[in-house]
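Novice: Mind looking over this structure? Questions follow.
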Amino acid sequence: MQLKVLARAITPRRVIGSLDREVESIAYDSRRVQSNTLFVAIRGEKSDGHQFVDQAIEQGASVIVAEREISSPRATCLVVDDSRSALADLSAAFYGMPAHKLKMAAVTGTNGKTTTTFLIKHICEKAGMRCGLLGTVQYEIGDRILPAIRTTPEALDIQELLAQIVNAGGRAAAMEVSSHALAQERTRGIEWDVAVFTNLTQDHLDFHRTMENYFEAKAKLFHDLASQSKKKKASAVINIDDRYGEKLIGRLAGKIPVVTYGLGMHADFRASNYRTEFAGTSYQLDAHGRSYLVRVPLIGRFNVANSMAALAAATVMGVSLRSAILSLARSPQVPGRLELVPAKRQFQIFVDYAHTDDALRNVLKTLRELKPRKLIVVFGCGGDRDRKKRPLMGRVADELADYAVITSDNPRKENPDAIISEVEKGLRSTHYEKIVERAEAIRHAVAMAQPRDLVLIAGKGHEKYQEFADHTIPFDDLQVARRALDDLPVQF
């Protein structure tokens with residue numbers, strides 16, 4: 001693409017050099033620069049891309065987009081006020097505005113994003129609308145499944161993935177949108193058909209500092225809906241049972257259409273009479289002036305909310321409610337979300353991603369509804385992340401589990417023993433023990449289980465690695481639990 005055409009996507013403060021250049025690729029990582037690459041120098045949390053401009057030029061960058069002037073006879077420099085915004089705008093233009101060619105669904109919130117996006121994709125696919133997926137667990141493009149690098153990729157990667165979804169025959173895309181992504185303009189320029197708000201509970205305060213900042217980052221997605229061009233008539237789908245959801249509804253009144261969901265009388269999509277069993281959950285849904293019986297093969301009250309959010313979003317995207325409800329009954333298991341470990345035993349083991357106090361509370365409450373003889377939980381907290389939630393998670397385990405094994409999660413650069421000590425401050429009973437090595441902790445909990453017990457292994461879910469200060473190792477909670485079962489004698 002000609003630079004003089006691509007440059008129309010932004011408004012540079014100054015242009016140094018010629019616009020008569022061919023741009024064959026865009027990069028924000030200097031290690032990915034090739035000949036005729038446009039390199040965008042962005043300021044990250046750990047490094048500043050401006051430090052790598054010379055390296056990018058050496059590797060063949062012909063255009064530099066930066067927040068300060070760069071003089072080089074080998075490259076044109078576009079000076080901008082905000083490199084992140086410029087990266088988003090340039091990427092969308094370079095890949096031909098792929099979001100304009102898709103029905104776009106965004107899902108944001110602390111908990112429930114992954115399950116809700118999986119369900120939206122499933123409903124769309126069953127309705128004949130081929131749908132891509134970008135989220136925490138994986139990226140799905142046509143028949144290809146790619147491992148997810150992060151919940152919401154960088155702007156350049158999002159646009160490339162959306163373009164691949166279009167090229168694979170996709171007509172829709174469901175995307176998890178994190179608060180980090182919104183704060184860093186990664187989804188800038190995407191026009192949505194629907195945006196879902198699931199809930200907001202304490203998390204990521206290492207980045208946002210306060211709950212108010214965290215909420216404002218999430219709210220940005222919905223404020224942006226109101227300023228979209230008229231090409232798409234965007235709607236918001238909001239959990240009315242969440243206090244931050246209520247706050248958001250008040251802000252959006254009269255600006256964009258809002259569809260609410262929840263258990264209360266005033267919800268547009270209202271659930272009642274829900275019932276949870278090992279095989280799944282059923283409930284009565286009142287919506288569009290009619291009542292429906294909904295069955296979903298996922299357990300838990302929180303999955304009632306997730307499935308309602310998906311149903312509401314899918315109807316906004318043009319799927320009939322009746323066909324959406326029918327397709328839910330055949331929903332797939334979401335990896336690492338209350339995933340049952342296959343075992344021919346008289347007790348059950350579940351793996352779940354719950355890594356906040358609210359998520360852990362929801363999962364433990366759900367398992368309590370299955371009336372176990374004893375509920376055992378294995379969990380820890382990640383290092384280099386929000387420390388305030390650690391004793392809160394300890395308190396939840398103390399209140400809702402019969403026994404807890406506190407262990408390591410992804411300690412990263414922190415001392416695992418120190419993390420566990422902070423979690424321990426939330427426990428008041430003595431019905432717990434500390435086992436730092438996670439595999440040993442899982443084996444111990446599995447060995448403790450007796451007939452009619454339930455074991456929950458929480459915190460990592462779908463993750464297949466464990467992060468330490470200077471290395472990462474392969475680690476899969478589900479596989480470790482299966483090996484622990486194999487080592488146990490069979491009980492009759």
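Simple scheme: letters A, B, ... for chains in structure tokens order, numbers from 1 for residues in each chain, numbers from 1 for ligands in the order shown.
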DSSP on the backbone: what in segment 61-273 of chain A comes out strand (DSSP E or B), as a PyMOL selection string?

Specialist: chain A and resi 61-66+72+75-79+103-108+131-134+138-141+144-147+172-176+194-197+235-239+258-262+269-273

Novice: Got time to write the residues from that selection, N, CA and C atoms, as a short mmCIF file (atom, residue, chain, number, x, y, z; two decimals), in the first residue's frame?

Specialist:
data_model
loop_
_atom_site.label_atom_id
_atom_site.label_comp_id
_atom_site.auth_asym_id
_atom_site.auth_seq_id
_atom_site.Cartn_x
_atom_site.Cartn_y
_atom_site.Cartn_z
N ALA A 61 13.08 -0.98 7.87
CA ALA A 61 11.91 -0.12 8.01
C ALA A 61 12.07 1.12 7.14
N SER A 62 11.05 1.40 6.33
CA SER A 62 11.12 2.57 5.45
C SER A 62 10.28 3.73 5.98
N VAL A 63 9.42 3.43 6.97
CA VAL A 63 8.59 4.46 7.59
C VAL A 63 8.61 4.26 9.10
N ILE A 64 8.77 5.35 9.81
CA ILE A 64 8.72 5.33 11.27
C ILE A 64 7.58 6.23 11.74
N VAL A 65 6.71 5.70 12.58
CA VAL A 65 5.66 6.50 13.20
C VAL A 65 6.04 6.61 14.68
N ALA A 66 6.22 7.83 15.16
CA ALA A 66 6.74 8.04 16.51
C ALA A 66 6.17 9.31 17.12
N SER A 72 16.24 10.40 9.41
CA SER A 72 17.07 9.38 8.78
C SER A 72 16.84 9.46 7.28
N ALA A 75 14.49 6.54 5.97
CA ALA A 75 13.10 6.32 6.38
C ALA A 75 12.34 7.64 6.50
N THR A 76 11.07 7.59 6.17
CA THR A 76 10.18 8.73 6.39
C THR A 76 9.64 8.64 7.81
N CYS A 77 9.53 9.77 8.47
CA CYS A 77 9.01 9.80 9.85
C CYS A 77 7.69 10.56 9.90
N LEU A 78 6.69 9.92 10.47
CA LEU A 78 5.41 10.58 10.75
C LEU A 78 5.34 10.81 12.26
N VAL A 79 5.31 12.06 12.65
CA VAL A 79 5.29 12.40 14.08
C VAL A 79 3.83 12.54 14.51
N LYS A 103 -20.26 -8.97 11.53
CA LYS A 103 -21.07 -8.66 12.71
C LYS A 103 -20.14 -8.79 13.91
N MET A 104 -19.94 -7.71 14.64
CA MET A 104 -18.94 -7.69 15.70
C MET A 104 -19.58 -7.67 17.08
N ALA A 105 -19.19 -8.63 17.92
CA ALA A 105 -19.67 -8.69 19.31
C ALA A 105 -18.49 -8.56 20.26
N ALA A 106 -18.56 -7.59 21.16
CA ALA A 106 -17.53 -7.40 22.19
C ALA A 106 -18.10 -7.83 23.53
N VAL A 107 -17.28 -8.52 24.33
CA VAL A 107 -17.70 -8.90 25.68
C VAL A 107 -16.64 -8.42 26.65
N THR A 108 -17.06 -7.61 27.64
CA THR A 108 -16.13 -7.13 28.65
C THR A 108 -16.72 -7.34 30.02
N CYS A 131 -18.55 -17.72 12.44
CA CYS A 131 -18.12 -16.73 13.43
C CYS A 131 -16.71 -17.02 13.92
N GLY A 132 -15.85 -16.02 13.90
CA GLY A 132 -14.53 -16.14 14.48
C GLY A 132 -14.57 -15.81 15.96
N LEU A 133 -13.49 -16.13 16.66
CA LEU A 133 -13.43 -15.87 18.11
C LEU A 133 -12.03 -15.43 18.50
N LEU A 134 -11.95 -14.36 19.29
CA LEU A 134 -10.68 -13.89 19.85
C LEU A 134 -10.86 -13.77 21.35
N GLN A 138 -8.23 -19.07 23.26
CA GLN A 138 -7.71 -19.31 21.92
C GLN A 138 -8.33 -18.34 20.92
N TYR A 139 -7.73 -18.30 19.72
CA TYR A 139 -8.28 -17.55 18.61
C TYR A 139 -8.78 -18.57 17.58
N GLU A 140 -10.02 -18.41 17.10
CA GLU A 140 -10.59 -19.34 16.14
C GLU A 140 -10.89 -18.61 14.84
N ILE A 141 -10.28 -19.09 13.76
CA ILE A 141 -10.40 -18.47 12.43
C ILE A 141 -10.77 -19.57 11.45
N ARG A 144 -9.29 -23.11 11.75
CA ARG A 144 -8.02 -23.05 12.47
C ARG A 144 -8.23 -22.59 13.92
N ILE A 145 -7.49 -23.18 14.83
CA ILE A 145 -7.49 -22.76 16.24
C ILE A 145 -6.06 -22.41 16.61
N LEU A 146 -5.86 -21.16 17.04
CA LEU A 146 -4.52 -20.67 17.40
C LEU A 146 -4.46 -20.42 18.90
N PRO A 147 -3.33 -20.71 19.55
CA PRO A 147 -3.21 -20.39 20.97
C PRO A 147 -3.25 -18.88 21.19
N ALA A 172 -19.08 -13.09 11.13
CA ALA A 172 -19.20 -12.49 12.46
C ALA A 172 -17.94 -12.79 13.25
N ALA A 173 -17.75 -12.05 14.35
CA ALA A 173 -16.64 -12.30 15.27
C ALA A 173 -17.06 -11.94 16.68
N ALA A 174 -16.73 -12.81 17.62
CA ALA A 174 -16.98 -12.56 19.04
C ALA A 174 -15.63 -12.36 19.71
N MET A 175 -15.49 -11.27 20.44
CA MET A 175 -14.18 -10.92 20.99
C MET A 175 -14.28 -10.55 22.46
N GLU A 176 -13.40 -11.12 23.26
CA GLU A 176 -13.23 -10.65 24.64
C GLU A 176 -12.44 -9.35 24.59
N VAL A 194 -22.73 -5.13 18.82
CA VAL A 194 -23.22 -5.30 20.18
C VAL A 194 -22.03 -5.38 21.13
N ALA A 195 -22.19 -4.81 22.31
CA ALA A 195 -21.17 -4.90 23.35
C ALA A 195 -21.84 -5.37 24.63
N VAL A 196 -21.23 -6.36 25.29
CA VAL A 196 -21.80 -6.97 26.49
C VAL A 196 -20.97 -6.59 27.71
N PHE A 197 -21.66 -6.22 28.80
CA PHE A 197 -21.01 -5.98 30.08
C PHE A 197 -21.48 -7.06 31.05
N SER A 235 -25.90 -1.82 19.90
CA SER A 235 -26.67 -1.96 21.14
C SER A 235 -25.75 -2.46 22.24
N ALA A 236 -26.11 -2.13 23.48
CA ALA A 236 -25.39 -2.62 24.64
C ALA A 236 -26.23 -3.68 25.33
N VAL A 237 -25.59 -4.75 25.78
CA VAL A 237 -26.24 -5.79 26.58
C VAL A 237 -25.57 -5.76 27.95
N ILE A 238 -26.36 -5.47 28.99
CA ILE A 238 -25.77 -5.18 30.30
C ILE A 238 -26.44 -5.99 31.41
N ASN A 239 -25.62 -6.53 32.29
CA ASN A 239 -26.08 -7.26 33.47
C ASN A 239 -26.65 -6.27 34.49
N VAL A 258 -30.22 -0.18 24.91
CA VAL A 258 -29.67 -1.03 25.97
C VAL A 258 -30.62 -2.20 26.20
N VAL A 259 -30.08 -3.41 26.20
CA VAL A 259 -30.82 -4.62 26.53
C VAL A 259 -30.25 -5.14 27.84
N THR A 260 -31.11 -5.34 28.84
CA THR A 260 -30.63 -5.78 30.14
C THR A 260 -30.93 -7.26 30.35
N TYR A 261 -30.12 -7.89 31.19
CA TYR A 261 -30.38 -9.28 31.56
C TYR A 261 -30.09 -9.47 33.05
N GLY A 262 -30.77 -10.44 33.65
CA GLY A 262 -30.57 -10.68 35.07
C GLY A 262 -31.71 -11.49 35.67
N PHE A 269 -34.15 -9.64 29.58
CA PHE A 269 -33.97 -11.09 29.56
C PHE A 269 -33.88 -11.53 31.02
N ARG A 270 -34.94 -12.18 31.50
CA ARG A 270 -35.04 -12.50 32.93
C ARG A 270 -35.07 -14.01 33.14
N ALA A 271 -34.21 -14.49 34.04
CA ALA A 271 -34.17 -15.92 34.36
C ALA A 271 -34.81 -16.18 35.72
N SER A 272 -35.48 -17.32 35.83
CA SER A 272 -36.06 -17.74 37.10
C SER A 272 -36.11 -19.26 37.13
N ASN A 273 -36.35 -19.80 38.32
CA ASN A 273 -36.51 -21.25 38.49
C ASN A 273 -35.32 -22.04 37.92
#

Novice: Quick one, how far is atom CA of Lys460 of chain A from atom CA of Cys381 of chain A?

Specialist: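 Computed distance, atom CA of Lys460 of chain A to atom CA of Cys381 of chain A, equals 9.5 Å.
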
Novice: Which residue gives the smallest distance to Ile325 of chain A among A:His223, A:Lys126, A:Arg301, A:Arg387, with only C-alpha atoms counted?

Specialist: A:Lys126

Novice: Distance atom CA of Arg438 of chain A-atom CA of Val378 of chain A, one decimal place?

Specialist: 8.7 Å

Novice: Could you work out how far atom CA of Ala99 of chain A lies from atom CA of Ala310 of chain A, giving the answer in Å with one decimal?

Specialist: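 Those two atoms sit 19.7 Å apart.
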
Novice: Which polymer residues have any atom within 7 Å of an atom of segment 165-169 of chain A, counting only C-alpha atoms, with same-chain residues fewer than 2 positions away left out, as a PyMOL selection string?

Specialist: chain A and resi 98+132+141-142+161-163+171

Novice: Using only C-alpha atoms, determine which residues lie at most 7 Å from segment 394-398 of chain A, disregarding the query and same-chain residues fewer than 4 positions distant; provide the list as a list in words.

Specialist: Asp357, Arg361, Arg390, Ala404, Val423, Glu424, Gly426, Leu427, Arg428 and Ser429 of chain A

Novice: May I have the residues within 12 Å of Leu38 of chain A as a PyMOL selection string, using only C-alpha atoms and disregarding those fewer than 3 positions away in the same chain?

Specialist: chain A and resi 1-3+6-7+19+21-30+32-35+41+53+56-57+59-66+75-78+86-87+90-91+94+156

Novice: Using only C-alpha atoms, pick whichever of A:Thr407, A:Thr315, A:Thr187, A:Thr201 has the shortest atom-to-atom distance to His288 of chain A.

Specialist: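 Smallest separation from His288 of chain A among the options: A:Thr315.
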
Novice: Write out as JSON lines the residues of segment 331-442 of chain A that have any atom within 12 Å of an atom of segment 209-212 of chain A, one row each with the nearest atom pair and its distance in Å to one decimal, counting only C-alpha atoms, sorted by chain and then rising number.

Specialist:
{"residue": "A:Arg385", "atom": "CA", "partner": "A:Arg209", "partner_atom": "CA", "distance": 11.2}
{"residue": "A:Asp386", "atom": "CA", "partner": "A:Arg209", "partner_atom": "CA", "distance": 9.0}
{"residue": "A:Arg387", "atom": "CA", "partner": "A:Arg209", "partner_atom": "CA", "distance": 11.2}
{"residue": "A:Lys388", "atom": "CA", "partner": "A:Arg209", "partner_atom": "CA", "distance": 10.7}

Novice: Based on the selection just made, write N, CA and C atoms of those residues as an mmCIF file, in the first residue's frame.

Specialist:
data_model
loop_
_atom_site.group_PDB
_atom_site.id
_atom_site.type_symbol
_atom_site.label_atom_id
_atom_site.label_comp_id
_atom_site.auth_asym_id
_atom_site.auth_seq_id
_atom_site.Cartn_x
_atom_site.Cartn_y
_atom_site.Cartn_z
ATOM 1 N N ARG A 385 0.767 -9.293 40.471
ATOM 2 C CA ARG A 385 -0.594 -8.889 40.149
ATOM 3 C C ARG A 385 -1.234 -8.298 41.407
ATOM 4 N N ASP A 386 -2.492 -7.946 41.300
ATOM 5 C CA ASP A 386 -3.230 -7.307 42.385
ATOM 6 C C ASP A 386 -3.088 -8.080 43.703
ATOM 7 N N ARG A 387 -2.367 -7.502 44.666
ATOM 8 C CA ARG A 387 -2.124 -8.187 45.948
ATOM 9 C C ARG A 387 -3.312 -8.084 46.889
ATOM 10 N N LYS A 388 -4.174 -7.084 46.678
ATOM 11 C CA LYS A 388 -5.272 -6.864 47.624
ATOM 12 C C LYS A 388 -6.286 -8.006 47.619
#
